[in-house]
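Structure first, then comments.
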Amino acid sequence: MPATRALPTEEAVELIQLTRTLAVKELAPRVADAEAEAAFPRDVFRTLGRSGLLGLPFAEEDGGAGQPYEVYLQVLEEVAAVWSSVAVGMSVHALSCFPLARFGTAEQRRRWLPDMLAGELLGAYCLSEPHAGSDPAAMLTRAVRDGDDYVLNGAKAWTTHGGYADFYTVMARTSDDRTHGISCFLVPADTPGLSADPPERKMGLTGSATATMRLDDVRVPAERLIGEEGQGLKIALASLDHGRLGIAAVACGLAQGALDHAVRYARERETFGKPIIEHQGLAFVLADMGAAIESARATALAAARLKDLGLPFTREASIAKLVATDNAMKVTTDAVQVLGGYGYTRDFPVERYMREAKVMQIFEGTNQIQRMIISRALDRNEGGVLTVLGKE
């Protein structure tokens with residue numbers, strides 16, 4: 001765990017302590033078996049919801065806890081250090097709730113958000129398609145107005161919680177306009193015509209179900225349109241900014257968990273008459289791992305503080321996601337190296353951390369896409385003028 005966390009309030013300190021207790025007592029005893037068996041831990045999300053951890057960054061009037069994002073990210077990190085699949089699920093659930101919380105009407109929020117934020121309803125986010133991952137404006141899934149309903153047809157790939165979620169936040173095309181022809185819908189899991197393919201057989205995060213969702217004449221009442229018709233791409237991109245911060249925090253937690261295991265091993269394992277942590281060659285590897293994690297954590301929290309101040313943070317979210325996930329891949333690879341042959345076996349968790357880190361460079365927009373976002377922002381000279389509390 002990090003040596004020091006700079007938390008803004010006593011309430012935030014208590015939240016971190018609560019999270020650590022839950023992680024040790026509820027998550028740690030189950031993680032190895034669940035990941036080995038690819039078992040989805042649905043009950044864990046109810047536990048987290050009833051503890052108030054799923055609704056942390058959402059408004060209190062909607063059933064959330066009204067916590068700043070810098071606190072929420074550190075809670076995610078604490079979970080990820082123990083069980084990354086669950087932390088990814090928490091981030092995706094928040095991503096699924098965000099469109100309703102930000103763009104939904106007061107009546108929509110009153111009806112649906114409290115059960116979502118309490119963990120009674122688990123969410124999934126349906127944006128990517130088999131041919132439209134990095135380019136969501138190329139999606140083909142259609143929503144056609146029919147009286148008081150919309151009828152949706154298409155397929156959504158790489159859906160976290162696919163087949164297990166209670167609701168799906170679905171982006172679908174309502175016109176041929178590339179940027180203003182997509183709309184957002186809140187689709188209950190039991191809607192006729194909505195189905196999940198068998199889960200993907202993944203390299204890592206096997207405790208997190210990922211599946212393609214099929215929509216075959218899925219009829220959704222017009223009251224489940226979130227925001228305005230044609231506003232979906234704007235909603236999706238705003239959601240991804242928040243989701244990227246979540247994944248940055250998960251990557252930091254994953255890397256921290258790997259470092260903690262590597263340090264413990266290096267203290268206990270002896271060669272040439274002393275613990276291997278006392279050999280400079282290995283000690284410097286561990287030092288670089290620690291420095292990488294701290295720099296990634298600082299980058300993610302800096303972006304979160306911009307968001308909390310109401311300042312633009314799209315570029316900073318991409319930087320945080322890029323830095324944290326690239327660093328997590330390096331740190332977890334080095335953790336395997338520190339353990340040597342044991343690191344390559346499933347008797348120790350670092351090989352699992354390494355496999356889990358890889359996908360974090362891919363989802364919520366590949367790191368190549370993050371570099372595109374950052375470079376375009378630099379081309380527009382965004383961030384070229386110092387902004388203080390929203391005033392240039």
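Just so we're on the same page: first chain in the structure tokens is A, next is B, and so on; residues restart at 1 for each chain, and ligands are numbered from 1 in the order they show up.
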Residue neighbourhood Glu11 of chain A, 12 Å, only C-alpha atoms, exclusion window fewer than 3 positions, as a ChimeraX atom specification = /A:7-8,14-18,56,65-68,71-72
message = Excluding segment 191-193 of chain A and its own-chain neighbours fewer than 3 positions away, which residues fall within 12 Å of it when counting only C-alpha atoms? Please give them as a ChimeraX atom specification.
response = /A:151-155,166-168,186-188,196,213-221
How would the residues just chosen look if you wrote them out with C-alpha atoms as a PDB file, in the first residue's frame?
ATOM      1  CA  VAL A 151     -36.709  -0.543 -31.601  1.00  0.00           C
ATOM      2  CA  LEU A 152     -32.999  -1.397 -31.375  1.00  0.00           C
ATOM      3  CA  ASN A 153     -31.070  -3.790 -33.605  1.00  0.00           C
ATOM      4  CA  GLY A 154     -27.357  -4.533 -33.690  1.00  0.00           C
ATOM      5  CA  ALA A 155     -24.466  -5.954 -31.667  1.00  0.00           C
ATOM      6  CA  ASP A 166     -29.301  -5.722 -14.707  1.00  0.00           C
ATOM      7  CA  PHE A 167     -29.276  -2.761 -17.086  1.00  0.00           C
ATOM      8  CA  TYR A 168     -27.330  -1.756 -20.181  1.00  0.00           C
ATOM      9  CA  LEU A 186     -31.162   2.710 -20.683  1.00  0.00           C
ATOM     10  CA  VAL A 187     -32.168  -0.884 -21.472  1.00  0.00           C
ATOM     11  CA  PRO A 188     -33.298  -3.343 -18.751  1.00  0.00           C
ATOM     12  CA  ALA A 196     -25.471 -12.202 -24.527  1.00  0.00           C
ATOM     13  CA  MET A 213     -24.557  -8.247 -26.553  1.00  0.00           C
ATOM     14  CA  ARG A 214     -27.124  -8.910 -29.278  1.00  0.00           C
ATOM     15  CA  LEU A 215     -30.105  -6.611 -29.845  1.00  0.00           C
ATOM     16  CA  ASP A 216     -32.787  -8.197 -32.005  1.00  0.00           C
ATOM     17  CA  ASP A 217     -35.899  -5.975 -32.234  1.00  0.00           C
ATOM     18  CA  VAL A 218     -35.327  -4.783 -28.667  1.00  0.00           C
ATOM     19  CA  ARG A 219     -38.263  -2.502 -27.871  1.00  0.00           C
ATOM     20  CA  VAL A 220     -37.428   0.277 -25.420  1.00  0.00           C
ATOM     21  CA  PRO A 221     -39.949   2.887 -24.194  1.00  0.00           C
TER      22      PRO A 221
END
ask   = Where does DSSP see helix (DSSP H, G or I) in segment 86-238 of chain A, if you list the residues as a PyMOL selection string?
value = chain A and resi 86-103+106-117+136-138+222-224+232-238
request  = Could you pull out the residues in segment 93-173 of chain A that DSSP calls strand (DSSP E) from the backbone, as a PyMOL selection string?
outcome  = chain A and resi 123-126+142-146+149-160+167-173
Written selection (N, CA and C atoms) as an mmCIF file, in the first residue's frame:
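Everything below was put into out30.cif:
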data_model
loop_
_atom_site.group_PDB
_atom_site.id
_atom_site.type_symbol
_atom_site.label_atom_id
_atom_site.label_comp_id
_atom_site.auth_asym_id
_atom_site.auth_seq_id
_atom_site.Cartn_x
_atom_site.Cartn_y
_atom_site.Cartn_z
ATOM 1 N N GLY A 123 -24.699 -2.382 -13.635
ATOM 2 C CA GLY A 123 -24.746 -1.829 -14.978
ATOM 3 C C GLY A 123 -23.678 -2.328 -15.920
ATOM 4 N N ALA A 124 -23.946 -2.179 -17.217
ATOM 5 C CA ALA A 124 -22.986 -2.452 -18.284
ATOM 6 C C ALA A 124 -23.072 -1.311 -19.289
ATOM 7 N N TYR A 125 -21.988 -1.081 -19.999
ATOM 8 C CA TYR A 125 -21.879 0.058 -20.910
ATOM 9 C C TYR A 125 -21.637 -0.464 -22.314
ATOM 10 N N CYS A 126 -22.543 -0.165 -23.222
ATOM 11 C CA CYS A 126 -22.501 -0.718 -24.585
ATOM 12 C C CYS A 126 -22.219 0.385 -25.593
ATOM 13 N N ARG A 142 -28.781 0.287 -34.628
ATOM 14 C CA ARG A 142 -29.826 1.252 -34.964
ATOM 15 C C ARG A 142 -30.922 1.279 -33.908
ATOM 16 N N ALA A 143 -31.485 2.464 -33.732
ATOM 17 C CA ALA A 143 -32.680 2.640 -32.910
ATOM 18 C C ALA A 143 -33.682 3.428 -33.742
ATOM 19 N N VAL A 144 -34.817 2.798 -34.019
ATOM 20 C CA VAL A 144 -35.832 3.402 -34.883
ATOM 21 C C VAL A 144 -37.074 3.706 -34.045
ATOM 22 N N ARG A 145 -37.548 4.926 -34.129
ATOM 23 C CA ARG A 145 -38.732 5.308 -33.359
ATOM 24 C C ARG A 145 -39.966 4.604 -33.932
ATOM 25 N N ASP A 146 -40.756 4.024 -33.027
ATOM 26 C CA ASP A 146 -41.997 3.342 -33.406
ATOM 27 C C ASP A 146 -43.046 3.672 -32.358
ATOM 28 N N ASP A 149 -42.163 3.952 -28.544
ATOM 29 C CA ASP A 149 -40.982 3.138 -28.282
ATOM 30 C C ASP A 149 -39.890 3.431 -29.306
ATOM 31 N N TYR A 150 -38.710 2.918 -29.000
ATOM 32 C CA TYR A 150 -37.633 2.780 -29.977
ATOM 33 C C TYR A 150 -37.361 1.287 -30.126
ATOM 34 N N VAL A 151 -37.046 0.856 -31.352
ATOM 35 C CA VAL A 151 -36.709 -0.543 -31.601
ATOM 36 C C VAL A 151 -35.236 -0.602 -31.991
ATOM 37 N N LEU A 152 -34.445 -1.350 -31.202
ATOM 38 C CA LEU A 152 -32.999 -1.397 -31.375
ATOM 39 C C LEU A 152 -32.572 -2.721 -32.004
ATOM 40 N N ASN A 153 -31.649 -2.614 -32.968
ATOM 41 C CA ASN A 153 -31.070 -3.790 -33.605
ATOM 42 C C ASN A 153 -29.571 -3.585 -33.810
ATOM 43 N N GLY A 154 -28.798 -4.616 -33.493
ATOM 44 C CA GLY A 154 -27.357 -4.533 -33.690
ATOM 45 C C GLY A 154 -26.615 -5.415 -32.713
ATOM 46 N N ALA A 155 -25.312 -5.176 -32.581
ATOM 47 C CA ALA A 155 -24.466 -5.954 -31.667
ATOM 48 C C ALA A 155 -23.461 -5.021 -31.018
ATOM 49 N N LYS A 156 -23.203 -5.261 -29.742
ATOM 50 C CA LYS A 156 -22.243 -4.464 -28.983
ATOM 51 C C LYS A 156 -21.162 -5.384 -28.422
ATOM 52 N N ALA A 157 -19.925 -5.107 -28.795
ATOM 53 C CA ALA A 157 -18.807 -5.987 -28.432
ATOM 54 C C ALA A 157 -18.152 -5.551 -27.123
ATOM 55 N N TRP A 158 -17.419 -6.484 -26.528
ATOM 56 C CA TRP A 158 -16.557 -6.200 -25.375
ATOM 57 C C TRP A 158 -17.324 -5.571 -24.217
ATOM 58 N N THR A 159 -18.493 -6.084 -23.952
ATOM 59 C CA THR A 159 -19.333 -5.511 -22.896
ATOM 60 C C THR A 159 -18.972 -6.127 -21.550
ATOM 61 N N THR A 160 -18.372 -5.327 -20.673
ATOM 62 C CA THR A 160 -18.088 -5.777 -19.313
ATOM 63 C C THR A 160 -19.401 -5.973 -18.569
ATOM 64 N N PHE A 167 -28.905 -3.769 -16.098
ATOM 65 C CA PHE A 167 -29.276 -2.761 -17.086
ATOM 66 C C PHE A 167 -28.076 -2.479 -17.976
ATOM 67 N N TYR A 168 -28.364 -2.033 -19.191
ATOM 68 C CA TYR A 168 -27.330 -1.756 -20.181
ATOM 69 C C TYR A 168 -27.523 -0.333 -20.701
ATOM 70 N N THR A 169 -26.475 0.472 -20.597
ATOM 71 C CA THR A 169 -26.485 1.810 -21.179
ATOM 72 C C THR A 169 -25.982 1.661 -22.607
ATOM 73 N N VAL A 170 -26.888 1.818 -23.559
ATOM 74 C CA VAL A 170 -26.628 1.449 -24.954
ATOM 75 C C VAL A 170 -26.611 2.688 -25.841
ATOM 76 N N MET A 171 -25.565 2.828 -26.643
ATOM 77 C CA MET A 171 -25.495 3.864 -27.668
ATOM 78 C C MET A 171 -25.937 3.246 -28.997
ATOM 79 N N ALA A 172 -26.869 3.920 -29.648
ATOM 80 C CA ALA A 172 -27.396 3.399 -30.917
ATOM 81 C C ALA A 172 -27.671 4.558 -31.875
ATOM 82 N N ARG A 173 -27.568 4.248 -33.151
ATOM 83 C CA ARG A 173 -27.726 5.278 -34.176
ATOM 84 C C ARG A 173 -29.207 5.546 -34.446
#
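Note that atom CA of Leu73 of chain A and atom CA of Met360 of chain A are 15.6 Å apart.
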Segment 150-209 of chain A residues near segment 332-354 of chain A within 12 Å, closest pair each, using only C-alpha atoms, as a Markdown table:
| residue | atom | partner | partner_atom | distance |
| --- | --- | --- | --- | --- |
| A:Lys202 | CA | A:Arg352 | CA | 11.9 |
| A:Met203 | CA | A:Arg352 | CA | 9.2 |
| A:Gly204 | CA | A:Arg352 | CA | 6.9 |
| A:Leu205 | CA | A:Arg352 | CA | 8.4 |
| A:Thr206 | CA | A:Arg352 | CA | 9.8 |
| A:Gly207 | CA | A:Arg352 | CA | 11.5 |
task = Find, counting only C-alpha atoms, the residue in A:Gly243, A:Gly290, A:Gly230, A:Pro136 that gets nearest to Ser96 of chain A.
result =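 For Ser96 of chain A, the nearest of the given residues is A:Gly243.
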